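Below you'll find the structure, written out as structure tokens, and then a few comments.
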Amino acid sequence: MKAACLCVTSLILASSLAAQSAWRNLGHAKAGSAGYPDLSAVAPQLGASFTITLASARPSSLAALVLSTRRSDLPIWGGVLVPAADAVFLLPTSVGGGASMLVNVPNDQRLLAATVYLQSVVADPLATQGLAFSNALTANLCPQLRFTAEDFRTDRFFDPQVSAGTWGGGALRFSLVGGSGILGVFDPRHGTQVAPGHYVWSTDRQIIPGSATRTGSSITVTDGRFHFESLTIPANVRVDFVGSNPARIWVSGDAVIDGRLTTNGEVLAADRVAPNKAAGPQAGEVGGVAGAMGGTGGAGGDRGDGLVHKSAFDGKPGTDVVLKAGHAYAAAARGTGGLGSPQFPADGRDASIGWGYVNVIALELNRGGGGGGFTGPGGAGTAVWGPPNTAYAKWAAPGSTPGGIALDFPSTFPTYTNGFTHADHFLVGGSGGGGGGSCSTATIHSATPKIWWRIGRAGGGGGGALGLRIGGSLHVAGAIEARGGAGAFDDLYFSVRGLMAAGGGGSGGSVFAQVNRAIDNRGSVTTEGGAGGQSVGHPLDAIFNGAASRGGDGAPGIVHFEVGGDPRSYTPGTTVPPNAPISRIEDTDFDVAFVRSRWYPTTGGAAPTFLRYEIEATVDGKPVVFTDDPARGPLASGPSSPLRLTVQGATVGLATSGHWEPVGLATPWIEFVGPFAGTKPTLFGSGTNGYRFELVLDRSVTRDVVVHKITVFWCR
């Protein structure tokens with residue numbers, strides 16, 4: 001009897017587990033002079049030896065025993081060689097046509113993942129092509145092979161809070177939208193706190209710490225694209241998104257807005273500009289800051305110099321509605337920003353100031369800037385002397401300051417040839433309101449130093465562009481806002497502050513939400529335009545009571561919903577503009593989609609030895625098996641794989657929720673279940689008795705993937 005060793009070599013890096021440790025006959029024998037050679041063996045075990053026996057072979061000949069952990073089914077020499085020729089042992093046959101070999105199995109847990117294939121080839125001149133073949137045998141070294149198979153017939157182990165997909169009917173299907181979840185669970189506190197419960201996030205540079213991300217490393221977002229697993233803004237918490245990029249937020253699971261999610265234009269405060277009591281030049285108020293990607297408000301006019309009119313003394317127009325380059329309506333956006341009011345008196349000369357109140361105080365009242373336009377025209381800026389001082393009406397600037405024009409922006413998606421998605425089309429930054437021009441209102445002829453002209457107030461910034469691509473459901477009990485910024489409200493009391501021409505309000509921006517499952521809006525979603533600023537005389541001021549420089553109001557923006565199901569099944573709830581349209585999602589994420597399971601237990605309580613995973617899927621209409629066992633199929637995380645599977649192990653117990661939950665710490669997310677990882681981490685030998693998985697679809701490889709079953713094998 002010859003002895004051999006089934007050692008841990010590169011051979012075990014390819015395995016195909018059978019269902020039991022006893023040998024299974026695979027057939028493929030080919031007759032020789034003594035009939036069909038018969039191969040048999042004792043069941044193998046770790047740390048023990050087993051005997052392989054050959055019978056019915058040609059007597060006094062030479063047999064080759066082929067042993068491998070890979071199956072090849074190679075047609076050769078008129079027969080079929082089932083094992084790959086990784087190890088070949090030569091055995092002489094006895095005069096009775098028999099032979100045997102003793103195989104030593106090391107006590108190495110990695111061998112539990114191995115499947116052994118055996119077959120003998122016997123030199124026999126009476127056989128076809130001079131060779132007879134024995135039957136092939138196969139066995140694995142796991143005494144009790146167990147597995148958990150998720151066949152997606154129910155959603156018991158589906159984690160909908162973070163998943164962009166659906167389980168049911170025997171299939172996992174990825175959502176059209178939802179993203180990768182790479183930034184983990186949204187935490188408002190990762191933004192900059194500006195007040196209790198109030199946080200600001202930048203679309204131009206926002207750092208997410210490694211403690212939150214799925215990679216474990218910090219990630220800096222510089223393009224406004226945020227991929228979260230889930231998003232919750234609690235009641236009494238406000239989160240603002242600001243910056244030059246639109247706020248585009250992917251949520252793999254559910255988004256719950258109980259507080260406020262905003263990208264509003266700045267609401268200008270009265271004291272944003274302090275009274276300047278020094279003579280000489282003074283710049284007008286800086287235009288209001290917009291929401292993310294919105295248009296800034298127009299600056300107020302600089303203080304007139306009393307010598308001549310200059311364009312610098314006029315209020316500046318607000319920035320037009322902001323569209324992505326290549327947008328179908330880019331040309332139509334020109335002129336949507338509110339206009340600034342000109343200097344008044346128009347020639348800018350000191351000599352033109354009338355000093356209408358007892359030849360001492362100037363009563364010239366300039367009109368406000370125009371409101372920003374979007375879904376409608378912006379409101380006009382005006383100057384009015386009302387009761388009780390209507391007698392001063394002649395001192396008001398005539399006419400009105402036009403608001404920005406309306407952008408004819410339909411709710412339907414036009415035909416693009418430049419790859420624009422629905423989000424590219426519907427994410428639009430609001431326009432800014434116009435600034436007020438320089439004026440002489442409430443200046444005093446005899447004042448020292450001589451200050452006969454005032455600066456203009458600024459227009460409000462436009463509302464930002466906020467895109468939501470939610471793989472789960474959207475629940476709103478609070479508010480989602482892309483409001484235009486309001487101009488400042490200022491009142492003149494006993495001629496202390498002076499009365500500046502008001503700025504116009506910015507238009508609303510856009511909220512575009514693509515929701516795979518359900519929309520539940522019990523709060524509000526608004527793109528309301530900002531109110532025009534007002535500079536008015538205080539009711540207790542006998543001279544200026546009734547005086548009002550008013551900026552035009554900004555126009556509303558757009559709210560648009562898309563859903564994965566039947567749009568007729570949902571209502572938009574309270575929106576501004578009202579009755580926001582709901583249509584079906586027609587485009588998909590071009591990058592990735594992400595789903596996560598709940599925790600699965602393994603039977604028996606104690607930690608098993610994990611062996612491998614298998615994913616049965618249909619890719620582009622063809623069945624494919626992905627696995628971390630390279631002998632059985634491609635790895636679900638390889639460079640060309642459309643799927644990427646990661647697993648996490650933990651000791652789990654049944655929680656009061658009815659789901660299994662970790663007891664203690666979980667492992668990091670890793671790519672391997674079995675002993676095929678090389679130096680990479682794996683669940684094999686992790687000492688855990690439970691696991692969960694994450695599965696990411698890479699749509700840059702393909703978009704047509706349906707997963708039918710995910711099985712994890714282990715041994716006890």
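A note on labels: chains of the structure tokens are A, B, ... as shown, every chain counts residues from 1, and ligands are counted from 1 in their shown order.
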| said: Excluding Leu268 (chain A) and its own-chain neighbours fewer than 2 positions away, which residues fall within 8 Å of it when counting only C-alpha atoms? Please give them as a PyMOL selection string. | reply: chain A and resi 266+270+272+288+460+485-489
Just to be explicit: take each residue in the selection above, keep N, CA and C atoms, and write the result as a compact mmCIF listing (two decimals), in the first residue's frame.
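part.txt, freshly written:
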# COMPACT_ATOMS: atom_id res chain seq x y z
N GLU A 266 -30.59 83.58 1.58
CA GLU A 266 -30.41 84.30 2.84
C GLU A 266 -31.55 85.30 3.07
N ALA A 270 -32.15 93.62 8.98
CA ALA A 270 -32.09 95.09 8.93
C ALA A 270 -30.71 95.60 9.30
N ARG A 272 -27.90 94.18 8.85
CA ARG A 272 -26.82 93.63 8.03
C ARG A 272 -25.91 94.75 7.53
N GLY A 288 -27.63 89.31 -1.42
CA GLY A 288 -27.96 88.20 -0.55
C GLY A 288 -27.41 86.87 -1.05
N GLY A 460 -32.48 89.79 -2.25
CA GLY A 460 -32.32 88.46 -1.68
C GLY A 460 -31.80 87.46 -2.70
N GLY A 485 -34.52 84.09 -0.88
CA GLY A 485 -34.16 84.96 0.23
C GLY A 485 -34.98 86.25 0.22
N ALA A 486 -35.36 86.71 1.39
CA ALA A 486 -36.16 87.93 1.50
C ALA A 486 -35.25 89.15 1.64
N GLY A 487 -35.70 90.26 1.08
CA GLY A 487 -35.00 91.51 1.33
C GLY A 487 -35.19 91.97 2.77
N ALA A 488 -34.39 92.91 3.20
CA ALA A 488 -34.45 93.36 4.59
C ALA A 488 -35.67 94.25 4.83
N PHE A 489 -36.22 94.11 6.02
CA PHE A 489 -37.25 95.04 6.48
C PHE A 489 -36.59 96.02 7.43
Identify, on the basis of only C-alpha atoms, every residue whose closest approach to Ala650 (chain A) does not exceed 9 Å; exclude the query and any residue fewer than 6 positions from it along the same chain; express the result as a short mmCIF file (atom, residue, chain, number, x, y, z; two decimals) with C-alpha atoms, in the first residue's frame.
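What ended up in selection_19.cif:
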data_model
loop_
_atom_site.label_atom_id
_atom_site.label_comp_id
_atom_site.auth_asym_id
_atom_site.auth_seq_id
_atom_site.Cartn_x
_atom_site.Cartn_y
_atom_site.Cartn_z
CA TRP A 599 -28.51 39.56 10.61
CA GLU A 661 -28.91 41.39 16.55
CA PRO A 662 -25.18 41.42 17.47
CA VAL A 663 -24.11 40.67 21.01
CA GLY A 664 -20.88 42.62 21.22
CA LEU A 665 -18.76 43.97 18.39
CA ALA A 666 -19.12 43.02 14.74
CA THR A 667 -16.28 42.43 12.31
CA SER A 686 -13.71 34.53 12.73
CA GLY A 687 -15.38 32.84 15.70
CA THR A 688 -18.75 34.41 14.90
CA ASN A 689 -22.09 32.64 14.61
CA GLY A 690 -24.02 35.15 12.52
CA TYR A 691 -23.61 37.42 9.53
CA ARG A 692 -25.29 39.99 7.34
#
| field | Distance query Ala149 (chain A) at most 12 Å, only C-alpha atoms, self and fewer than 4 positions along chain excluded, as a list in words | value |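 So the residues in contact are Arg153, Phe157, Gly170, Tyr600, Pro601, Thr602, Tyr613, Glu614, Ile615, Glu616, His708, Lys709, Ile710, Thr711, Val712, Phe713 and Trp714 of chain A.
Closest approach to Pro577 (chain A) among A:Pro402, A:Gly434, A:Pro639, A:Gly557: A:Gly557, based on only C-alpha atoms.
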| Counting only C-alpha atoms, the residue of A:Pro398, A:Gly433, A:Gly243, A:Gly649 that sits nearest Ala555 (chain A) |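 Once distances to Ala555 (chain A) are computed over only C-alpha atoms, the minimum belongs to A:Gly433.
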| query | Which one is closest to Ile207 (chain A): A:Ala29, A:Ala57, A:Ile219, A:Leu90? Count only C-alpha atoms. | reply | A:Ile219
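For the set A:Gly435, A:Gly224, A:Gly478, A:Pro414, the residue with the smallest atom-to-atom gap to Val237 (chain A) is A:Gly478, counting only C-alpha atoms.
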| request: Apply DSSP to the structure's backbone, then extract all residues of region 597-635 of chain A labelled strand (DSSP E) and return them as a ChimeraX atom specification. | output: /A:600-601,609-619,622-627
| said: I want to know what sits within 8 Å of Arg517 (chain A), based on only C-alpha atoms, with residues of the same chain fewer than 6 positions away left out; could you give that as a ChimeraX atom specification? | reply: /A:471-474,563-565
Taking only residues of region 569-683 of chain A that have an atom at most 6 Å from an atom of region 695-703 of chain A, what is each one's shortest atom pair and its distance in Å to one decimal, using only C-alpha atoms, in chain and number order, as a tab-separated table?
residue	atom	partner	partner_atom	distance
A:Phe590	CA	A:Arg699	CA	5.8
A:Asp591	CA	A:Arg699	CA	5.3
A:Val592	CA	A:Asp698	CA	4.6
A:Ala593	CA	A:Leu697	CA	5.1
A:Phe594	CA	A:Val696	CA	4.5
A:Val595	CA	A:Leu695	CA	5.4
A:Pro642	CA	A:Asp698	CA	4.9
A:Leu643	CA	A:Leu697	CA	4.8
A:Arg644	CA	A:Val696	CA	5.1
A:Leu645	CA	A:Leu695	CA	4.7
| For CA of His475 (chain A) and CA of Asp240 (chain A), the interatomic separation in Å (one decimal) |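 Calculated distance between CA of His475 (chain A) and CA of Asp240 (chain A) is 18.3 Å.
Computed from the coordinates, the CA of Asn25 (chain A) to CA of Ala114 (chain A) distance equals 17.2 Å.
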| query | Between A:Ser507, A:Thr588, A:Thr390, A:Thr618, which one has atoms that come closest to Ala290 (chain A), using only C-alpha atoms? | reply | A:Ser507
| message | I'd like the neighbourhood of Ile670 (chain A) as a list in words, where a residue qualifies if any of its atoms comes within 8 Å (using only C-alpha atoms), though same-chain residues fewer than 2 positions away should be ignored. | response | Thr646, Val647, Gln648, Pro668, Phe672, Pro681, Thr682 and Leu683 of chain A
| said: Between CA of Leu339 (chain A) and CA of Gly403 (chain A), what distance in Å does the model show, to one decimal? | reply: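 According to the coordinates, CA of Leu339 (chain A) and CA of Gly403 (chain A) are separated by 5.9 Å.
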| request: Determine the nearest neighbour of Gly484 (chain A) from the options A:Leu102, A:Ala292, A:Ile208, A:Ala393, counting only C-alpha atoms. | output: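 Smallest distance to Gly484 (chain A) is found for A:Ala292.
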| task | Name all residues at most 10 Å from Gly297 (chain A) (count only C-alpha atoms; drop same-chain ones fewer than 2 positions away) and give them as a PyMOL selection string. | result | chain A and resi 265-266+286-290+294-295+299-300+316-320+337-338+340+371-372+431-435+458-462+484-487+503-507
Residues near Arg110 (chain A), cut-off 10 Å, only C-alpha atoms, skip fewer than 2 positions along chain, as a JSON list (two decimals) with C-alpha atoms, in the first residue's frame:
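Once everything was written out, this is result00.json:
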[["chain", "number", "residue", "atom", "x", "y", "z"],
["A", 8, "VAL", "CA", -2.71, 22.41, 2.30],
["A", 12, "ILE", "CA", -7.53, 23.98, -1.93],
["A", 13, "LEU", "CA", -7.99, 27.47, -3.29],
["A", 46, "LEU", "CA", -9.44, 15.86, 9.35],
["A", 106, "PRO", "CA", -3.76, 17.05, 8.18],
["A", 107, "ASN", "CA", -5.84, 18.56, 10.98],
["A", 108, "ASP", "CA", -6.17, 21.90, 9.18],
["A", 112, "LEU", "CA", -13.08, 21.82, 5.43],
["A", 113, "ALA", "CA", -13.68, 23.98, 2.39],
["A", 114, "ALA", "CA", -12.02, 21.48, 0.08],
["A", 141, "LEU", "CA", -14.05, 16.99, 4.41],
["A", 609, "THR", "CA", -16.46, 27.32, 10.17],
["A", 610, "PHE", "CA", -17.63, 29.50, 7.29],
["A", 611, "LEU", "CA", -16.83, 28.02, 3.88],
["A", 674, "GLY", "CA", -14.36, 31.18, 3.00],
["A", 675, "PRO", "CA", -10.59, 30.53, 3.16],
["A", 676, "PHE", "CA", -9.87, 32.01, -0.27],
["A", 684, "PHE", "CA", -13.51, 31.82, 7.93],
["A", 685, "GLY", "CA", -12.13, 31.30, 11.44]]
